[in-house]
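J.: For reference, this is final.csv, and it has CSV, N, CA and C atoms.
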chain,number,residue,atom,x,y,z
J,203,MET,N,104.3,110.9,80.3
J,203,MET,CA,103.6,111.0,81.5
J,203,MET,C,102.8,112.3,81.6
J,204,LYS,N,101.6,112.3,82.0
J,204,LYS,CA,100.7,113.4,82.1
J,204,LYS,C,100.8,114.1,83.4
J,205,PHE,N,101.2,115.4,83.4
J,205,PHE,CA,101.4,116.1,84.7
J,205,PHE,C,100.1,116.9,85.0
J,206,LYS,N,99.3,117.2,84.0
J,206,LYS,CA,98.1,118.0,84.3
J,206,LYS,C,97.0,117.1,84.9
J,207,LEU,N,96.4,117.6,86.0
J,207,LEU,CA,95.4,116.8,86.6
J,207,LEU,C,94.0,117.6,86.6
J,208,THR,N,93.0,116.8,86.6
J,208,THR,CA,91.7,117.4,86.8
J,208,THR,C,91.5,117.6,88.3
J,209,CYS,N,90.5,118.4,88.7
J,209,CYS,CA,90.3,118.5,90.1
J,209,CYS,C,89.8,117.2,90.7
J,210,ASP,N,89.1,116.4,90.0
J,210,ASP,CA,88.6,115.1,90.5
J,210,ASP,C,89.9,114.2,90.8
J,211,GLU,N,90.8,114.2,89.9
J,211,GLU,CA,92.0,113.4,90.0
J,211,GLU,C,92.8,113.9,91.2
J,212,ALA,N,92.9,115.3,91.4
J,212,ALA,CA,93.7,115.9,92.4
J,212,ALA,C,93.1,115.5,93.8
J,213,THR,N,91.7,115.6,93.9
J,213,THR,CA,91.2,115.2,95.2
J,213,THR,C,91.3,113.7,95.5
J,214,ALA,N,91.3,112.9,94.5
J,214,ALA,CA,91.6,111.5,94.7
J,214,ALA,C,93.0,111.3,95.2
J,215,ILE,N,94.0,111.9,94.7
J,215,ILE,CA,95.4,111.8,95.1
J,215,ILE,C,95.5,112.4,96.5
J,216,CYS,N,94.8,113.5,96.8
J,216,CYS,CA,94.9,114.1,98.1
J,216,CYS,C,94.4,113.0,99.2
J,217,SER,N,93.3,112.4,98.9
J,217,SER,CA,92.8,111.3,99.8
J,217,SER,C,93.8,110.2,99.9
J,218,LYS,N,94.4,109.8,98.8
J,218,LYS,CA,95.4,108.7,98.9
J,218,LYS,C,96.5,109.1,99.8
J,219,ASN,N,97.0,110.4,99.6
J,219,ASN,CA,98.1,110.9,100.3
J,219,ASN,C,97.9,110.9,101.8
J,220,GLN,N,96.6,111.2,102.2
J,220,GLN,CA,96.3,111.2,103.6
J,220,GLN,C,96.5,109.8,104.3
J,221,TYR,N,96.4,108.8,103.5
J,221,TYR,CA,96.6,107.4,104.0
J,221,TYR,C,97.9,106.8,103.6
J,222,GLY,N,98.8,107.6,103.0
J,222,GLY,CA,100.1,107.2,102.7
J,222,GLY,C,100.2,106.3,101.5
J,223,GLU,N,99.1,106.4,100.6
J,223,GLU,CA,99.0,105.5,99.4
J,223,GLU,C,99.4,106.2,98.1
J,224,ALA,N,99.7,107.5,98.1
J,224,ALA,CA,100.0,108.2,96.9
J,224,ALA,C,101.5,107.9,96.5
J,225,SER,N,101.7,107.8,95.2
J,225,SER,CA,103.1,107.6,94.8
J,225,SER,C,103.8,108.9,94.7
J,226,VAL,N,105.1,108.8,94.5
J,226,VAL,CA,105.9,110.1,94.5
J,226,VAL,C,105.5,110.9,93.2
J,227,VAL,N,105.2,110.2,92.1
J,227,VAL,CA,104.8,110.9,90.9
J,227,VAL,C,103.5,111.6,91.1
J,228,ASP,N,102.5,110.9,91.8
J,228,ASP,CA,101.2,111.5,92.1
J,228,ASP,C,101.4,112.8,93.0
J,229,LYS,N,102.3,112.7,94.0
J,229,LYS,CA,102.5,113.8,94.9
J,229,LYS,C,103.1,115.0,94.1
J,230,ILE,N,104.0,114.7,93.2
J,230,ILE,CA,104.6,115.8,92.4
J,230,ILE,C,103.5,116.5,91.5
J,231,ARG,N,102.7,115.6,90.9
J,231,ARG,CA,101.6,116.1,90.0
J,231,ARG,C,100.6,117.0,90.9
J,232,MET,N,100.4,116.5,92.1
J,232,MET,CA,99.5,117.2,93.0
J,232,MET,C,100.0,118.6,93.4
J,233,VAL,N,101.3,118.7,93.6
J,233,VAL,CA,101.9,120.0,94.0
J,233,VAL,C,101.8,121.0,92.8
J,234,PHE,N,102.0,120.5,91.6
J,234,PHE,CA,101.8,121.4,90.5
J,234,PHE,C,100.4,121.8,90.3
J,235,HIS,N,99.4,120.9,90.6
J,235,HIS,CA,98.0,121.3,90.5
J,235,HIS,C,97.7,122.3,91.5
J,236,LEU,N,98.2,122.1,92.7
J,236,LEU,CA,97.8,123.0,93.8
J,236,LEU,C,98.4,124.5,93.6
J,237,LEU,N,99.5,124.6,92.8
J,237,LEU,CA,100.0,125.9,92.6
J,237,LEU,C,99.0,126.8,91.8
J,238,PHE,N,98.1,126.1,91.0
J,238,PHE,CA,97.2,126.9,90.2
J,238,PHE,C,95.7,126.8,90.6
J,239,CYS,N,95.4,125.9,91.5
J,239,CYS,CA,94.0,125.7,91.8
J,239,CYS,C,93.7,125.9,93.3
J,240,ALA,N,93.1,127.1,93.5
J,240,ALA,CA,92.8,127.5,94.9
J,240,ALA,C,91.7,126.6,95.5
J,241,VAL,N,90.8,126.1,94.7
J,241,VAL,CA,89.8,125.2,95.3
J,241,VAL,C,90.4,123.9,95.8
J,242,CYS,N,91.2,123.3,95.0
J,242,CYS,CA,91.9,122.0,95.5
J,242,CYS,C,92.8,122.3,96.7
J,243,LYS,N,93.4,123.5,96.7
J,243,LYS,CA,94.3,123.8,97.8
J,243,LYS,C,93.5,123.9,99.1
J,244,LEU,N,92.4,124.5,99.0
J,244,LEU,CA,91.5,124.6,100.2
J,244,LEU,C,91.0,123.2,100.6
J,245,TYR,N,90.6,122.4,99.6
J,245,TYR,CA,90.2,121.0,99.9
J,245,TYR,C,91.3,120.3,100.6
J,246,THR,N,92.5,120.4,100.1
J,246,THR,CA,93.6,119.7,100.7
J,246,THR,C,93.8,120.1,102.2
J,247,LYS,N,93.7,121.4,102.4
J,247,LYS,CA,93.9,122.0,103.7
J,247,LYS,C,92.8,121.4,104.7
J,248,GLN,N,91.6,121.5,104.2
J,248,GLN,CA,90.5,121.0,105.1
J,248,GLN,C,90.6,119.5,105.3
J,249,ASN,N,91.0,118.7,104.3
J,249,ASN,CA,91.1,117.3,104.4
J,249,ASN,C,92.2,117.0,105.5
J,250,THR,N,93.3,117.7,105.5
J,250,THR,CA,94.4,117.5,106.4
J,250,THR,C,93.9,117.8,107.8
J,251,ILE,N,93.2,118.9,108.0
J,251,ILE,CA,92.7,119.3,109.3
J,251,ILE,C,91.8,118.2,109.9
J,252,ILE,N,90.9,117.7,109.0
J,252,ILE,CA,89.9,116.6,109.5
J,252,ILE,C,90.7,115.4,109.8
J,253,THR,N,91.7,115.0,109.0
J,253,THR,CA,92.5,113.8,109.3
J,253,THR,C,93.2,113.9,110.6
J,254,LYS,N,93.8,115.1,110.9
J,254,LYS,CA,94.5,115.3,112.1
J,254,LYS,C,93.5,115.2,113.3
J,255,CYS,N,92.4,115.8,113.2
J,255,CYS,CA,91.4,115.7,114.3
J,255,CYS,C,90.9,114.3,114.6
J,256,LEU,N,90.6,113.6,113.5
J,256,LEU,CA,90.2,112.2,113.7
J,256,LEU,C,91.3,111.3,114.2
J,257,SER,N,92.5,111.5,113.8
J,257,SER,CA,93.6,110.7,114.3
J,257,SER,C,93.9,111.0,115.8
J,258,SER,N,93.5,112.2,116.2
J,258,SER,CA,93.8,112.5,117.6
J,258,SER,C,92.7,111.8,118.5
J,259,VAL,N,91.5,111.5,118.0
J,259,VAL,CA,90.5,110.9,118.8
J,259,VAL,C,90.4,109.4,118.6
J,260,ASN,N,91.0,108.9,117.5
J,260,ASN,CA,90.9,107.4,117.2
J,260,ASN,C,92.3,106.8,117.5
J,261,ASP,N,92.3,105.8,118.2
J,261,ASP,CA,93.5,105.0,118.4
J,261,ASP,C,93.5,103.9,117.4
J,262,GLU,N,94.5,103.7,116.6
J,262,GLU,CA,94.6,102.7,115.5
J,262,GLU,C,94.3,101.3,116.1
J,263,THR,N,94.6,101.0,117.3
J,263,THR,CA,94.4,99.7,117.8
J,263,THR,C,92.9,99.5,118.1
J,264,GLU,N,92.1,100.6,118.3
J,264,GLU,CA,90.7,100.5,118.6
J,264,GLU,C,89.9,100.5,117.3
J,265,GLY,N,90.4,101.0,116.2
J,265,GLY,CA,89.6,101.2,115.0
J,265,GLY,C,88.8,102.5,115.2
J,266,ILE,N,87.9,102.6,114.3
J,266,ILE,CA,87.0,103.8,114.3
J,266,ILE,C,86.0,103.7,115.4
J,267,LYS,N,85.8,104.7,116.1
J,267,LYS,CA,84.8,104.7,117.2
J,267,LYS,C,83.9,105.9,117.0
J,268,LYS,N,82.7,105.8,117.7
J,268,LYS,CA,81.8,106.9,117.7
J,268,LYS,C,82.3,108.0,118.7
J,269,LEU,N,82.1,109.2,118.4
J,269,LEU,CA,82.4,110.3,119.3
J,269,LEU,C,81.3,110.6,120.2
J,270,ASN,N,81.6,110.8,121.5
J,270,ASN,CA,80.5,111.3,122.4
J,270,ASN,C,80.4,112.8,122.2
J,271,VAL,N,79.4,113.4,122.9
J,271,VAL,CA,79.1,114.9,122.7
J,271,VAL,C,80.3,115.7,123.1
J,272,LYS,N,81.0,115.4,124.2
J,272,LYS,CA,82.1,116.2,124.6
J,272,LYS,C,83.3,116.1,123.6
J,273,GLU,N,83.5,114.9,123.0
J,273,GLU,CA,84.6,114.8,122.0
J,273,GLU,C,84.2,115.5,120.7
J,274,LYS,N,83.0,115.5,120.4
J,274,LYS,CA,82.5,116.3,119.2
J,274,LYS,C,82.8,117.8,119.4
J,275,GLU,N,82.4,118.3,120.6
J,275,GLU,CA,82.6,119.7,120.9
J,275,GLU,C,84.1,120.1,120.9
J,276,GLU,N,84.9,119.2,121.4
J,276,GLU,CA,86.4,119.4,121.4
J,276,GLU,C,86.9,119.5,120.0
J,277,MET,N,86.5,118.5,119.2
J,277,MET,CA,86.9,118.5,117.8
J,277,MET,C,86.5,119.8,117.0
J,278,GLU,N,85.2,120.2,117.3
J,278,GLU,CA,84.8,121.4,116.7
J,278,GLU,C,85.6,122.6,117.0
J,279,LEU,N,86.0,122.7,118.3
J,279,LEU,CA,86.9,123.8,118.8
J,279,LEU,C,88.3,123.7,118.1
J,280,LYS,N,88.8,122.5,118.0
J,280,LYS,CA,90.1,122.3,117.3
J,280,LYS,C,90.1,122.8,115.9
J,281,ILE,N,89.0,122.4,115.2
J,281,ILE,CA,88.8,122.7,113.8
J,281,ILE,C,88.8,124.2,113.6
J,282,LYS,N,88.0,124.9,114.5
J,282,LYS,CA,87.8,126.3,114.4
J,282,LYS,C,89.2,127.0,114.6
J,283,GLU,N,90.0,126.5,115.6
J,283,GLU,CA,91.3,127.1,115.9
J,283,GLU,C,92.2,126.9,114.7
J,284,MET,N,92.2,125.8,114.1
J,284,MET,CA,93.1,125.5,113.0
J,284,MET,C,92.7,126.3,111.7
J,285,VAL,N,91.5,126.5,111.5
J,285,VAL,CA,91.0,127.3,110.3
J,285,VAL,C,91.4,128.8,110.5
J,286,GLU,N,91.3,129.3,111.7
J,286,GLU,CA,91.6,130.7,111.9
J,286,GLU,C,93.0,131.0,111.9
Any chance you could give the structure as structure tokens?
T.:
Amino acid sequence: MKFKLTCDEATAICSKNQYGEASVVDKIRMVFHLLFCAVCKLYTKQNTIITKCLSSVNDETEGIKKLNVKEKEEMELKIKEMVE
């Protein structure tokens, strides 16, 4: 089994993980990669923030919807707060 990941593989696993599709082995490989790769660590953090923001405005029963101006502004504020 290969534990070393490229950054492309790591970002693919990160995306799978956001949707609960990553295997346990992939998650372990990802953790090891994130220990040594600051770029992928930042990508994972940003991906998590975006996912949380989108899940707070989208109801799974409604599916994906377009955001109005007020919702976009609220999301922008939430993202700024989370990053700081």
J.: Which distance in Å separates atom CA of J:Ile215 and atom CA of J:Asp228, to one decimal?
T.: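 These atoms are spaced 6.5 Å apart.
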J.: For the structure I just gave you, how does DSSP split chain J - specifically, which residues are alpha helix (DSSP H)? Reply as a ChimeraX atom specification.
T.: /J:209-220,226-238,240-259,271-285
J.: Between atom C of J:His235 and atom N of J:Ala212, what is the spacing in Å?
T.: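 Separation between atom N of J:Ala212 and atom C of J:His235: 8.5 Å.
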J.: With distances taken over only N, CA and C atoms, which residue among J:Leu207, J:Met284, J:Val226, J:Cys216 lies nearest J:Asn249?
T.: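 Smallest distance to J:Asn249 is found for J:Cys216.
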J.: Using only N, CA and C atoms, find the one residue out of J:Met232, J:Thr253, J:Met277, J:Lys272 that sits nearest to J:Gln220.
T.: J:Thr253
J.: In Å, rounded to a single decimal, give me how far atom CA of J:Glu283 is from atom CA of J:Ala214.
T.: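 Calculated distance between atom CA of J:Ala214 and atom CA of J:Glu283 is 26.3 Å.
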J.: When you count only N, CA and C atoms, which of these residues is closest to J:Ile252: J:Lys206, J:Ala240, J:Thr213, J:Ile281?
T.: J:Ile281
J.: With distances taken over only C-alpha atoms, which of J:Thr250, J:Thr208, J:Ser257, J:Asn270 is nearest to J:Phe238?
T.: J:Thr208
J.: Which is closest to J:Phe234 among J:Tyr221, J:Glu211, J:Phe205, J:Ile251, if we use all atoms listed in the file?
T.: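 Of the candidates, the smallest distance to J:Phe234 is held by J:Phe205.
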J.: Go through J:Ser217, J:Lys280, J:Lys204, J:Asp210 one by one, measure the shortest atom-to-atom distance of each to J:Cys255 using all atoms listed in the file, and give the residue with the smallest value.
T.: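 Among the listed residues, the smallest separation from J:Cys255 belongs to J:Lys280.
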